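Trainee: Structure supplied as run.cif; contents: mmCIF, C-alpha atoms.
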data_entry
loop_
_atom_site.group_PDB
_atom_site.id
_atom_site.type_symbol
_atom_site.label_atom_id
_atom_site.label_comp_id
_atom_site.auth_asym_id
_atom_site.auth_seq_id
_atom_site.Cartn_x
_atom_site.Cartn_y
_atom_site.Cartn_z
ATOM 1 C CA MET A 1 64.849 66.988 44.117
ATOM 2 C CA ILE A 2 67.273 69.122 42.092
ATOM 3 C CA GLU A 3 69.590 69.106 45.115
ATOM 4 C CA GLN A 4 69.590 65.329 45.067
ATOM 5 C CA ILE A 5 70.512 65.210 41.377
ATOM 6 C CA PHE A 6 73.440 67.551 42.001
ATOM 7 C CA PHE A 7 74.517 65.537 45.041
ATOM 8 C CA TYR A 8 74.662 62.354 42.968
ATOM 9 C CA ILE A 9 76.614 64.094 40.179
ATOM 10 C CA PHE A 10 79.199 65.442 42.661
ATOM 11 C CA ALA A 11 79.378 62.188 44.608
ATOM 12 C CA ILE A 12 79.880 59.993 41.550
ATOM 13 C CA ILE A 13 82.595 62.263 40.101
ATOM 14 C CA ALA A 14 84.292 62.401 43.516
ATOM 15 C CA VAL A 15 84.315 58.623 43.954
ATOM 16 C CA VAL A 16 85.477 57.928 40.382
ATOM 17 C CA SER A 17 88.345 60.407 40.610
ATOM 18 C CA ALA A 18 89.263 59.137 44.092
ATOM 19 C CA ILE A 19 89.632 55.674 42.573
ATOM 20 C CA ALA A 20 91.749 57.277 39.828
ATOM 21 C CA VAL A 21 94.011 58.832 42.511
ATOM 22 C CA VAL A 22 94.666 55.410 43.987
ATOM 23 C CA THR A 23 95.062 53.445 40.753
ATOM 24 C CA SER A 24 96.696 55.729 38.175
ATOM 25 C CA LYS A 25 100.248 55.000 37.108
ATOM 26 C CA SER A 26 101.782 58.470 37.017
ATOM 27 C CA PRO A 27 101.884 60.624 40.193
ATOM 28 C CA ILE A 28 100.998 63.661 38.059
ATOM 29 C CA HIS A 29 97.751 61.998 36.939
ATOM 30 C CA SER A 30 97.038 61.144 40.565
ATOM 31 C CA ALA A 31 97.505 64.785 41.550
ATOM 32 C CA ILE A 32 95.123 65.965 38.806
ATOM 33 C CA ALA A 33 92.519 63.408 39.903
ATOM 34 C CA LEU A 34 93.030 64.596 43.487
ATOM 35 C CA ILE A 35 92.233 68.163 42.362
ATOM 36 C CA ILE A 36 88.960 66.939 40.814
ATOM 37 C CA THR A 37 88.014 65.072 44.005
ATOM 38 C CA LEU A 38 88.765 68.095 46.194
ATOM 39 C CA LEU A 39 86.670 70.366 43.952
ATOM 40 C CA GLN A 40 83.740 67.940 44.220
ATOM 41 C CA VAL A 41 84.129 67.967 48.014
ATOM 42 C CA ALA A 42 83.980 71.782 47.866
ATOM 43 C CA ALA A 43 80.725 71.472 45.913
ATOM 44 C CA ILE A 44 79.404 69.082 48.584
ATOM 45 C CA PHE A 45 80.202 71.769 51.191
ATOM 46 C CA ILE A 46 78.043 74.194 49.178
ATOM 47 C CA LEU A 47 75.192 71.653 49.323
ATOM 48 C CA LEU A 48 75.716 71.620 53.111
ATOM 49 C CA ARG A 49 75.195 75.431 53.158
ATOM 50 C CA SER A 50 78.827 76.209 54.039
ATOM 51 C CA PRO A 51 80.189 78.447 51.274
ATOM 52 C CA PHE A 52 82.989 79.494 53.642
ATOM 53 C CA LEU A 53 84.224 75.911 53.906
ATOM 54 C CA ALA A 54 83.988 75.519 50.137
ATOM 55 C CA ALA A 55 86.158 78.612 49.625
ATOM 56 C CA VAL A 56 88.709 77.450 52.215
ATOM 57 C CA GLN A 57 88.762 74.008 50.594
ATOM 58 C CA VAL A 58 89.511 75.486 47.176
ATOM 59 C CA PHE A 59 92.140 77.946 48.495
ATOM 60 C CA VAL A 60 93.998 75.639 50.850
ATOM 61 C CA TYR A 61 93.653 72.237 49.204
ATOM 62 C CA VAL A 62 93.564 72.977 45.500
ATOM 63 C CA GLY A 63 95.669 76.120 45.768
ATOM 64 C CA ALA A 64 98.326 75.001 48.220
ATOM 65 C CA VAL A 65 98.332 71.304 49.043
ATOM 66 C CA VAL A 66 98.056 69.885 45.519
ATOM 67 C CA VAL A 67 100.547 72.434 44.192
ATOM 68 C CA LEU A 68 102.935 71.272 46.932
ATOM 69 C CA PHE A 69 102.404 67.683 45.794
ATOM 70 C CA LEU A 70 103.092 68.647 42.177
ATOM 71 C CA PHE A 71 106.262 70.493 43.266
ATOM 72 C CA ALA A 72 107.456 67.411 45.128
ATOM 73 C CA VAL A 73 106.722 65.131 42.171
ATOM 74 C CA MET A 74 108.588 67.382 39.740
ATOM 75 C CA LEU A 75 111.459 68.112 42.162
ATOM 76 C CA LEU A 76 112.111 64.428 42.746
ATOM 77 C CA ASP A 77 111.657 63.615 39.053
ATOM 78 C CA LEU A 78 109.369 60.669 39.655
ATOM 79 C CA GLY A 79 108.471 59.488 36.196
ATOM 80 C CA GLY A 80 106.004 56.777 35.317
ATOM 81 C CA GLU A 81 106.379 53.494 37.105
ATOM 82 C CA LYS A 82 106.057 50.099 35.568
ATOM 83 C CA ILE A 83 102.715 48.507 36.300
ATOM 84 C CA LYS A 84 104.170 45.794 38.513
ATOM 85 C CA GLU A 85 106.177 48.350 40.493
ATOM 86 C CA GLN A 86 103.018 50.251 41.270
ATOM 87 C CA PHE A 87 101.427 47.992 43.873
ATOM 88 C CA HIS A 88 102.633 46.000 46.878
ATOM 89 C CA GLN A 89 102.576 42.233 47.033
ATOM 90 C CA GLN A 90 99.909 42.743 49.699
ATOM 91 C CA THR A 91 97.449 44.398 47.281
ATOM 92 C CA VAL A 92 94.793 41.692 47.556
ATOM 93 C CA LEU A 93 94.893 41.736 51.363
ATOM 94 C CA GLY A 94 94.742 45.543 51.380
ATOM 95 C CA VAL A 95 91.694 45.656 49.089
ATOM 96 C CA ILE A 96 89.933 42.939 51.098
ATOM 97 C CA SER A 97 90.529 44.712 54.406
ATOM 98 C CA SER A 98 89.386 48.099 53.121
ATOM 99 C CA VAL A 99 86.212 46.554 51.656
ATOM 100 C CA GLY A 100 85.697 44.924 55.061
ATOM 101 C CA LEU A 101 86.149 48.300 56.734
ATOM 102 C CA PHE A 102 83.534 49.757 54.351
ATOM 103 C CA VAL A 103 81.038 47.010 55.201
ATOM 104 C CA VAL A 104 81.554 47.567 58.931
ATOM 105 C CA LEU A 105 81.052 51.334 58.489
ATOM 106 C CA LEU A 106 77.811 50.746 56.509
ATOM 107 C CA PHE A 107 76.600 48.363 59.225
ATOM 108 C CA MET A 108 77.255 51.034 61.867
ATOM 109 C CA LEU A 109 75.423 53.609 59.751
ATOM 110 C CA SER A 110 72.380 51.389 59.328
ATOM 111 C CA ARG A 111 72.208 50.804 63.108
ATOM 112 C CA GLY A 112 72.780 54.399 64.202
ATOM 113 C CA SER A 113 70.249 57.154 64.741
ATOM 114 C CA LEU A 114 70.642 60.878 65.328
ATOM 115 C CA THR A 115 69.596 61.582 68.905
ATOM 116 C CA ALA A 116 71.783 64.560 69.818
ATOM 117 C CA PRO A 117 69.990 67.842 70.524
ATOM 118 C CA THR A 118 70.062 70.377 67.684
ATOM 119 C CA GLY A 119 71.736 73.742 68.169
ATOM 120 C CA GLY A 120 70.462 77.154 67.223
ATOM 121 C CA TYR A 121 72.270 77.602 63.925
ATOM 122 C CA THR A 122 69.378 77.134 61.517
ATOM 123 C CA GLU A 123 69.498 77.819 57.805
ATOM 124 C CA ALA A 124 68.249 81.367 58.294
ATOM 125 C CA VAL A 125 71.107 82.148 60.703
ATOM 126 C CA LEU A 126 73.621 80.466 58.422
ATOM 127 C CA ALA A 127 72.645 82.719 55.513
ATOM 128 C CA LYS A 128 75.526 84.938 56.684
ATOM 129 C CA ASN A 129 77.803 81.921 56.858
ATOM 130 C CA THR A 130 81.217 83.591 56.871
ATOM 131 C CA GLU A 131 80.223 86.214 59.415
ATOM 132 C CA VAL A 132 78.808 83.615 61.808
ATOM 133 C CA ILE A 133 81.877 81.378 61.548
ATOM 134 C CA GLY A 134 84.217 84.348 61.987
ATOM 135 C CA LYS A 135 82.444 85.482 65.131
ATOM 136 C CA VAL A 136 82.519 82.015 66.696
ATOM 137 C CA LEU A 137 86.112 81.415 65.623
ATOM 138 C CA PHE A 138 87.392 84.606 67.252
ATOM 139 C CA THR A 139 85.368 84.379 70.467
ATOM 140 C CA LYS A 140 84.474 80.874 71.607
ATOM 141 C CA TYR A 141 87.265 79.039 69.777
ATOM 142 C CA ILE A 142 90.038 81.619 70.147
ATOM 143 C CA TYR A 143 92.420 79.296 72.073
ATOM 144 C CA PRO A 144 92.269 76.416 69.542
ATOM 145 C CA PHE A 145 92.719 79.049 66.849
ATOM 146 C CA GLU A 146 95.931 80.299 68.474
ATOM 147 C CA VAL A 147 97.197 76.754 69.004
ATOM 148 C CA VAL A 148 96.592 75.958 65.335
ATOM 149 C CA SER A 149 98.432 79.085 64.229
ATOM 150 C CA LEU A 150 101.381 78.030 66.402
ATOM 151 C CA LEU A 151 101.217 74.563 64.827
ATOM 152 C CA LEU A 152 101.402 76.113 61.355
ATOM 153 C CA LEU A 153 104.465 78.131 62.389
ATOM 154 C CA VAL A 154 106.173 75.023 63.779
ATOM 155 C CA ALA A 155 105.343 73.077 60.606
ATOM 156 C CA LEU A 156 106.781 75.879 58.458
ATOM 157 C CA VAL A 157 110.035 76.040 60.413
ATOM 158 C CA GLY A 158 110.172 72.249 60.641
ATOM 159 C CA ALA A 159 109.822 71.804 56.891
ATOM 160 C CA VAL A 160 112.635 74.284 56.223
ATOM 161 C CA VAL A 161 114.917 72.696 58.837
ATOM 162 C CA LEU A 162 114.282 69.164 57.570
ATOM 163 C CA VAL A 163 115.263 70.050 54.023
ATOM 164 C CA LEU A 164 118.233 72.269 55.018
ATOM 165 C CA ASN A 165 119.855 69.831 57.474
ATOM 166 C CA GLN A 166 120.116 67.061 54.949
ATOM 167 C CA LYS A 167 121.678 69.408 52.452
ATOM 168 C CA GLY A 168 124.357 70.506 54.938
ATOM 169 C CA LYS A 169 125.305 66.944 55.870
ATOM 170 C CA ASP A 170 125.653 65.828 52.283
ATOM 171 C CA GLY A 171 127.678 68.906 51.432
ATOM 172 C CA VAL A 172 125.598 69.430 48.299
ATOM 173 C CA MET B 1 65.239 65.026 49.973
ATOM 174 C CA LEU B 2 68.893 64.758 50.984
ATOM 175 C CA THR B 3 69.451 63.106 54.324
ATOM 176 C CA LEU B 4 72.441 62.814 56.611
ATOM 177 C CA THR B 5 72.864 59.207 55.485
ATOM 178 C CA HIS B 6 73.637 60.270 51.899
ATOM 179 C CA PHE B 7 76.589 62.338 53.045
ATOM 180 C CA LEU B 8 77.794 59.740 55.545
ATOM 181 C CA ILE B 9 77.760 56.982 52.913
ATOM 182 C CA LEU B 10 79.753 59.190 50.521
ATOM 183 C CA SER B 11 82.178 59.859 53.372
ATOM 184 C CA CYS B 12 82.476 56.106 54.077
ATOM 185 C CA ILE B 13 83.204 55.356 50.404
ATOM 186 C CA LEU B 14 85.921 58.032 50.184
ATOM 187 C CA PHE B 15 87.424 56.880 53.512
ATOM 188 C CA SER B 16 87.616 53.270 52.350
ATOM 189 C CA ILE B 17 89.218 54.271 49.031
ATOM 190 C CA GLY B 18 91.777 56.325 50.969
ATOM 191 C CA VAL B 19 92.573 53.459 53.323
ATOM 192 C CA ALA B 20 92.939 51.115 50.343
ATOM 193 C CA GLY B 21 95.321 53.609 48.710
ATOM 194 C CA VAL B 22 97.470 53.814 51.835
ATOM 195 C CA MET B 23 97.702 50.036 52.001
ATOM 196 C CA ILE B 24 98.209 49.026 48.360
ATOM 197 C CA ARG B 25 100.402 51.708 46.776
ATOM 198 C CA ARG B 26 104.204 51.614 46.910
ATOM 199 C CA ASN B 27 104.900 55.215 45.933
ATOM 200 C CA ILE B 28 104.958 57.297 49.112
ATOM 201 C CA ILE B 29 103.571 60.401 47.361
ATOM 202 C CA ILE B 30 100.417 58.489 46.419
ATOM 203 C CA VAL B 31 100.207 57.297 50.033
ATOM 204 C CA LEU B 32 100.221 60.948 51.178
ATOM 205 C CA MET B 33 97.521 61.782 48.581
ATOM 206 C CA SER B 34 95.400 58.922 49.923
ATOM 207 C CA LEU B 35 95.822 60.431 53.394
ATOM 208 C CA GLU B 36 94.321 63.643 51.972
ATOM 209 C CA LEU B 37 91.356 61.591 50.722
ATOM 210 C CA ILE B 38 90.876 60.269 54.266
ATOM 211 C CA PHE B 39 91.021 63.824 55.670
ATOM 212 C CA ASN B 40 88.379 64.912 53.154
ATOM 213 C CA ALA B 41 86.081 62.025 54.029
ATOM 214 C CA ALA B 42 86.263 63.061 57.689
ATOM 215 C CA ASN B 43 85.612 66.701 56.730
ATOM 216 C CA ILE B 44 82.489 65.764 54.737
ATOM 217 C CA SER B 45 81.012 63.869 57.663
ATOM 218 C CA LEU B 46 81.854 66.672 60.127
ATOM 219 C CA ALA B 47 80.235 69.297 57.888
ATOM 220 C CA ALA B 48 77.190 67.066 57.350
ATOM 221 C CA PHE B 49 76.737 66.564 61.093
ATOM 222 C CA ALA B 50 77.133 70.316 61.620
ATOM 223 C CA TYR B 51 74.398 71.027 59.075
ATOM 224 C CA TYR B 52 71.908 68.416 60.247
ATOM 225 C CA LEU B 53 72.444 69.145 63.965
ATOM 226 C CA GLU B 54 72.183 72.892 63.254
ATOM 227 C CA SER B 55 75.425 73.416 65.125
ATOM 228 C CA ILE B 56 78.447 75.506 64.158
ATOM 229 C CA THR B 57 81.031 73.387 65.993
ATOM 230 C CA GLY B 58 81.483 70.890 63.176
ATOM 231 C CA THR B 59 82.098 73.656 60.671
ATOM 232 C CA VAL B 60 84.747 75.269 62.883
ATOM 233 C CA PHE B 61 86.321 71.848 63.389
ATOM 234 C CA VAL B 62 86.570 71.389 59.623
ATOM 235 C CA VAL B 63 88.478 74.700 59.392
ATOM 236 C CA PHE B 64 90.979 73.457 62.010
ATOM 237 C CA ASN B 65 91.145 70.097 60.259
ATOM 238 C CA ILE B 66 92.073 71.684 56.932
ATOM 239 C CA THR B 67 94.804 73.691 58.670
ATOM 240 C CA VAL B 68 96.268 70.605 60.323
ATOM 241 C CA ALA B 69 96.140 68.750 56.992
ATOM 242 C CA ALA B 70 98.090 71.558 55.310
ATOM 243 C CA ALA B 71 100.749 71.442 58.063
ATOM 244 C CA GLU B 72 100.919 67.649 57.769
ATOM 245 C CA VAL B 73 101.482 67.825 54.014
ATOM 246 C CA ALA B 74 104.225 70.452 54.382
ATOM 247 C CA VAL B 75 106.155 68.391 56.947
ATOM 248 C CA GLY B 76 105.466 65.105 55.156
ATOM 249 C CA LEU B 77 106.774 66.341 51.814
ATOM 250 C CA ALA B 78 109.838 67.874 53.506
ATOM 251 C CA ILE B 79 110.608 64.492 55.097
ATOM 252 C CA LEU B 80 110.015 62.872 51.711
ATOM 253 C CA VAL B 81 112.515 65.198 49.974
ATOM 254 C CA ALA B 82 115.099 64.573 52.722
ATOM 255 C CA VAL B 83 114.620 60.793 52.501
ATOM 256 C CA TYR B 84 114.807 60.810 48.708
ATOM 257 C CA ARG B 85 118.118 62.718 48.755
ATOM 258 C CA ARG B 86 119.633 60.123 51.035
ATOM 259 C CA ARG B 87 118.075 56.880 49.820
ATOM 260 C CA LYS B 88 117.203 57.671 46.157
ATOM 261 C CA THR B 89 113.891 55.826 46.425
ATOM 262 C CA VAL B 90 110.275 56.642 47.244
ATOM 263 C CA LEU B 91 108.935 53.091 47.426
ATOM 264 C CA VAL B 92 107.593 52.375 50.894
ATOM 265 C CA ASP B 93 108.674 48.724 50.969
ATOM 266 C CA GLN B 94 112.298 49.783 50.448
ATOM 267 C CA LEU B 95 112.058 52.345 53.262
ATOM 268 C CA ASP B 96 111.358 49.802 55.996
ATOM 269 C CA GLU B 97 114.434 50.422 58.151
ATOM 270 C CA MET B 98 114.553 53.075 60.836
ATOM 271 C CA ARG B 99 118.304 53.523 60.428
ATOM 272 C CA TYR B 100 120.204 53.441 57.154
#
Re-express the file's structure as structure tokens.
Mentor:
Amino acid sequence: MIEQIFFYIFAIIAVVSAIAVVTSKSPIHSAIALIITLLQVAAIFILLRSPFLAAVQVFVYVGAVVVLFLFAVMLLDLGGEKIKEQFHQQTVLGVISSVGLFVVLLFMLSRGSLTAPTGGYTEAVLAKNTEVIGKVLFTKYIYPFEVVSLLLLVALVGAVVLVLNQKGKDGV
Amino acid sequence: MLTLTHFLILSCILFSIGVAGVMIRRNIIIVLMSLELIFNAANISLAAFAYYLESITGTVFVVFNITVAAAEVAVGLAILVAVYRRRKTVLVDQLDEMRY
């Protein structure tokens, strides 16, 4: 029961601040609202008995991704926009199609049922959440892990090259 | 009692808001933020399936997903800075040509 109350608190704050991300005028306000949403998602991960995921969410998203967004906003000096510059002409169509997508998703949810077999990772095993994930990550999923680390390296080098190249061409 | 459906409906709502943000906003930074909302919606549903199926695979997948999202944001913002230096705009409907 108490879990349910907390779930609704987190869910409502997450949805409200997600709407704020999409609708607010200033990109800075959007970034702050995005931080709130990501923190609520971290809390949802705690409700799903994954404190490791919650920690990673806070470190990577709130600590790195949103700070990167804020850097970009301040670097490019994107001030407030006028209200009519904020949205496309296709706003109405976009809202209608995303509401339609939501209805279709709800329809699929109401029709579906969970028939897959359950694995062995019960709540008792997951009490040592980080240890369990670490063991699986470095044994069974070692190849995807290496591929992802390579991807991060490529993204790092790619980001540097993209910004440098442009600078050289412009002679700035 | 919390069920899988609770989490999946929350995930659907966040996904739809993210899709709406990608489609209606003109500022490309907000579009990238909406993409993060979509990533998070997917992560919630993966973690919920992992918990209710008592499997660890979904959890591990969320870890990979977060990593890929971080790489995507790094490259995306680098492209954004490069484009802004050249075109002096971040509005997506003015960036509709492949070659400038």
Trainee: Using all atoms listed in the file, which of the listed residues (B:Ile79, B:Gly21, B:Thr67, B:Ile13) sits closest to Phe59 (chain A)?
Mentor: B:Thr67
Trainee: Compare B:Ala82, B:Leu14, B:Val90, B:Leu53 by their minimum atom-to-atom distance to Phe39 (chain B), counting all atoms listed in the file, and give me the closest one.
Mentor: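 Result for the nearest residue to Phe39 (chain B): B:Leu14.
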Trainee: So, with only C-alpha atoms as the atoms that count, which of B:Ala20, B:Leu35, B:Ala71, B:Val62 lies closest to Leu137 (chain A)?
Mentor: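 Nearest candidate to Leu137 (chain A) out of B:Ala20, B:Leu35, B:Ala71, B:Val62: B:Val62.
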Trainee: Of the candidates A:Phe52, A:Tyr121, A:Tyr143, A:Phe10, which one gets nearest to chain B if we count only C-alpha atoms?
Mentor: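 The shortest atom-to-atom distance to chain B comes from A:Tyr121.
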Trainee: Just so the selection is clear, what residues does the PyMOL selection byres ((chain A and resi 118) around 10) cover here, as a ChimeraX atom specification?
Mentor: /A:114-117,119-122 /B:50-55
Trainee: For a test of reading the model, state the distance in Å between CA of Ile9 (chain B) and CA of Ala70 (chain B), rounded to one decimal.
Mentor: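 Taking CA of Ile9 (chain B) as the start and CA of Ala70 (chain B) as the end point, the length is 25.1 Å.
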Trainee: Please produce region 19-39 of chain A, completed to N, CA, C and O atoms, as a PDB file, in the frame of the given file.
Mentor:
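Listed below is the output, part.pdb:
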ATOM      1  N   ILE A  19      89.074  56.963  43.017  1.00  0.00           N
ATOM      2  CA  ILE A  19      89.632  55.674  42.573  1.00  0.00           C
ATOM      3  C   ILE A  19      90.790  55.916  41.606  1.00  0.00           C
ATOM      4  O   ILE A  19      91.815  55.226  41.645  1.00  0.00           O
ATOM      5  N   ALA A  20      90.659  56.961  40.756  1.00  0.00           N
ATOM      6  CA  ALA A  20      91.749  57.277  39.828  1.00  0.00           C
ATOM      7  C   ALA A  20      93.009  57.696  40.581  1.00  0.00           C
ATOM      8  O   ALA A  20      94.121  57.366  40.171  1.00  0.00           O
ATOM      9  N   VAL A  21      92.844  58.442  41.703  1.00  0.00           N
ATOM     10  CA  VAL A  21      94.011  58.832  42.511  1.00  0.00           C
ATOM     11  C   VAL A  21      94.770  57.593  42.953  1.00  0.00           C
ATOM     12  O   VAL A  21      95.992  57.527  42.875  1.00  0.00           O
ATOM     13  N   VAL A  22      94.025  56.587  43.408  1.00  0.00           N
ATOM     14  CA  VAL A  22      94.666  55.410  43.987  1.00  0.00           C
ATOM     15  C   VAL A  22      95.260  54.511  42.911  1.00  0.00           C
ATOM     16  O   VAL A  22      96.292  53.884  43.129  1.00  0.00           O
ATOM     17  N   THR A  23      94.632  54.457  41.715  1.00  0.00           N
ATOM     18  CA  THR A  23      95.062  53.445  40.753  1.00  0.00           C
ATOM     19  C   THR A  23      95.930  53.966  39.616  1.00  0.00           C
ATOM     20  O   THR A  23      96.535  53.158  38.924  1.00  0.00           O
ATOM     21  N   SER A  24      96.023  55.289  39.396  1.00  0.00           N
ATOM     22  CA  SER A  24      96.696  55.729  38.175  1.00  0.00           C
ATOM     23  C   SER A  24      98.207  55.546  38.290  1.00  0.00           C
ATOM     24  O   SER A  24      98.774  55.556  39.377  1.00  0.00           O
ATOM     25  N   LYS A  25      98.836  55.364  37.135  1.00  0.00           N
ATOM     26  CA  LYS A  25     100.248  55.000  37.108  1.00  0.00           C
ATOM     27  C   LYS A  25     101.145  56.186  37.457  1.00  0.00           C
ATOM     28  O   LYS A  25     102.070  56.077  38.237  1.00  0.00           O
ATOM     29  N   SER A  26     100.891  57.333  36.833  1.00  0.00           N
ATOM     30  CA  SER A  26     101.782  58.470  37.017  1.00  0.00           C
ATOM     31  C   SER A  26     101.331  59.318  38.203  1.00  0.00           C
ATOM     32  O   SER A  26     100.136  59.582  38.361  1.00  0.00           O
ATOM     33  N   PRO A  27     102.259  59.757  39.063  1.00  0.00           N
ATOM     34  CA  PRO A  27     101.884  60.624  40.193  1.00  0.00           C
ATOM     35  C   PRO A  27     101.238  61.931  39.750  1.00  0.00           C
ATOM     36  O   PRO A  27     100.393  62.472  40.465  1.00  0.00           O
ATOM     37  N   ILE A  28     101.622  62.430  38.554  1.00  0.00           N
ATOM     38  CA  ILE A  28     100.998  63.661  38.059  1.00  0.00           C
ATOM     39  C   ILE A  28      99.508  63.434  37.819  1.00  0.00           C
ATOM     40  O   ILE A  28      98.669  64.257  38.215  1.00  0.00           O
ATOM     41  N   HIS A  29      99.165  62.308  37.181  1.00  0.00           N
ATOM     42  CA  HIS A  29      97.751  61.998  36.939  1.00  0.00           C
ATOM     43  C   HIS A  29      97.004  61.872  38.262  1.00  0.00           C
ATOM     44  O   HIS A  29      95.870  62.326  38.395  1.00  0.00           O
ATOM     45  N   SER A  30      97.666  61.257  39.251  1.00  0.00           N
ATOM     46  CA  SER A  30      97.038  61.144  40.565  1.00  0.00           C
ATOM     47  C   SER A  30      96.747  62.519  41.145  1.00  0.00           C
ATOM     48  O   SER A  30      95.672  62.748  41.713  1.00  0.00           O
ATOM     49  N   ALA A  31      97.701  63.445  40.992  1.00  0.00           N
ATOM     50  CA  ALA A  31      97.505  64.785  41.550  1.00  0.00           C
ATOM     51  C   ALA A  31      96.341  65.497  40.859  1.00  0.00           C
ATOM     52  O   ALA A  31      95.524  66.156  41.514  1.00  0.00           O
ATOM     53  N   ILE A  32      96.236  65.326  39.527  1.00  0.00           N
ATOM     54  CA  ILE A  32      95.123  65.965  38.806  1.00  0.00           C
ATOM     55  C   ILE A  32      93.784  65.385  39.274  1.00  0.00           C
ATOM     56  O   ILE A  32      92.819  66.117  39.526  1.00  0.00           O
ATOM     57  N   ALA A  33      93.747  64.037  39.420  1.00  0.00           N
ATOM     58  CA  ALA A  33      92.519  63.408  39.903  1.00  0.00           C
ATOM     59  C   ALA A  33      92.190  63.875  41.310  1.00  0.00           C
ATOM     60  O   ALA A  33      91.015  64.066  41.659  1.00  0.00           O
ATOM     61  N   LEU A  34      93.246  64.096  42.124  1.00  0.00           N
ATOM     62  CA  LEU A  34      93.030  64.596  43.487  1.00  0.00           C
ATOM     63  C   LEU A  34      92.404  65.988  43.454  1.00  0.00           C
ATOM     64  O   LEU A  34      91.498  66.292  44.247  1.00  0.00           O
ATOM     65  N   ILE A  35      92.843  66.831  42.503  1.00  0.00           N
ATOM     66  CA  ILE A  35      92.233  68.163  42.362  1.00  0.00           C
ATOM     67  C   ILE A  35      90.743  68.027  42.086  1.00  0.00           C
ATOM     68  O   ILE A  35      89.917  68.718  42.703  1.00  0.00           O
ATOM     69  N   ILE A  36      90.380  67.104  41.162  1.00  0.00           N
ATOM     70  CA  ILE A  36      88.960  66.939  40.814  1.00  0.00           C
ATOM     71  C   ILE A  36      88.170  66.503  42.049  1.00  0.00           C
ATOM     72  O   ILE A  36      87.106  67.054  42.350  1.00  0.00           O
ATOM     73  N   THR A  37      88.711  65.526  42.796  1.00  0.00           N
ATOM     74  CA  THR A  37      88.014  65.072  44.005  1.00  0.00           C
ATOM     75  C   THR A  37      87.807  66.215  44.988  1.00  0.00           C
ATOM     76  O   THR A  37      86.717  66.383  45.546  1.00  0.00           O
ATOM     77  N   LEU A  38      88.868  67.017  45.198  1.00  0.00           N
ATOM     78  CA  LEU A  38      88.765  68.095  46.194  1.00  0.00           C
ATOM     79  C   LEU A  38      87.757  69.147  45.755  1.00  0.00           C
ATOM     80  O   LEU A  38      87.026  69.695  46.586  1.00  0.00           O
ATOM     81  N   LEU A  39      87.671  69.409  44.430  1.00  0.00           N
ATOM     82  CA  LEU A  39      86.670  70.366  43.952  1.00  0.00           C
ATOM     83  C   LEU A  39      85.255  69.823  44.176  1.00  0.00           C
ATOM     84  O   LEU A  39      84.341  70.583  44.542  1.00  0.00           O
TER      85      LEU A  39
END
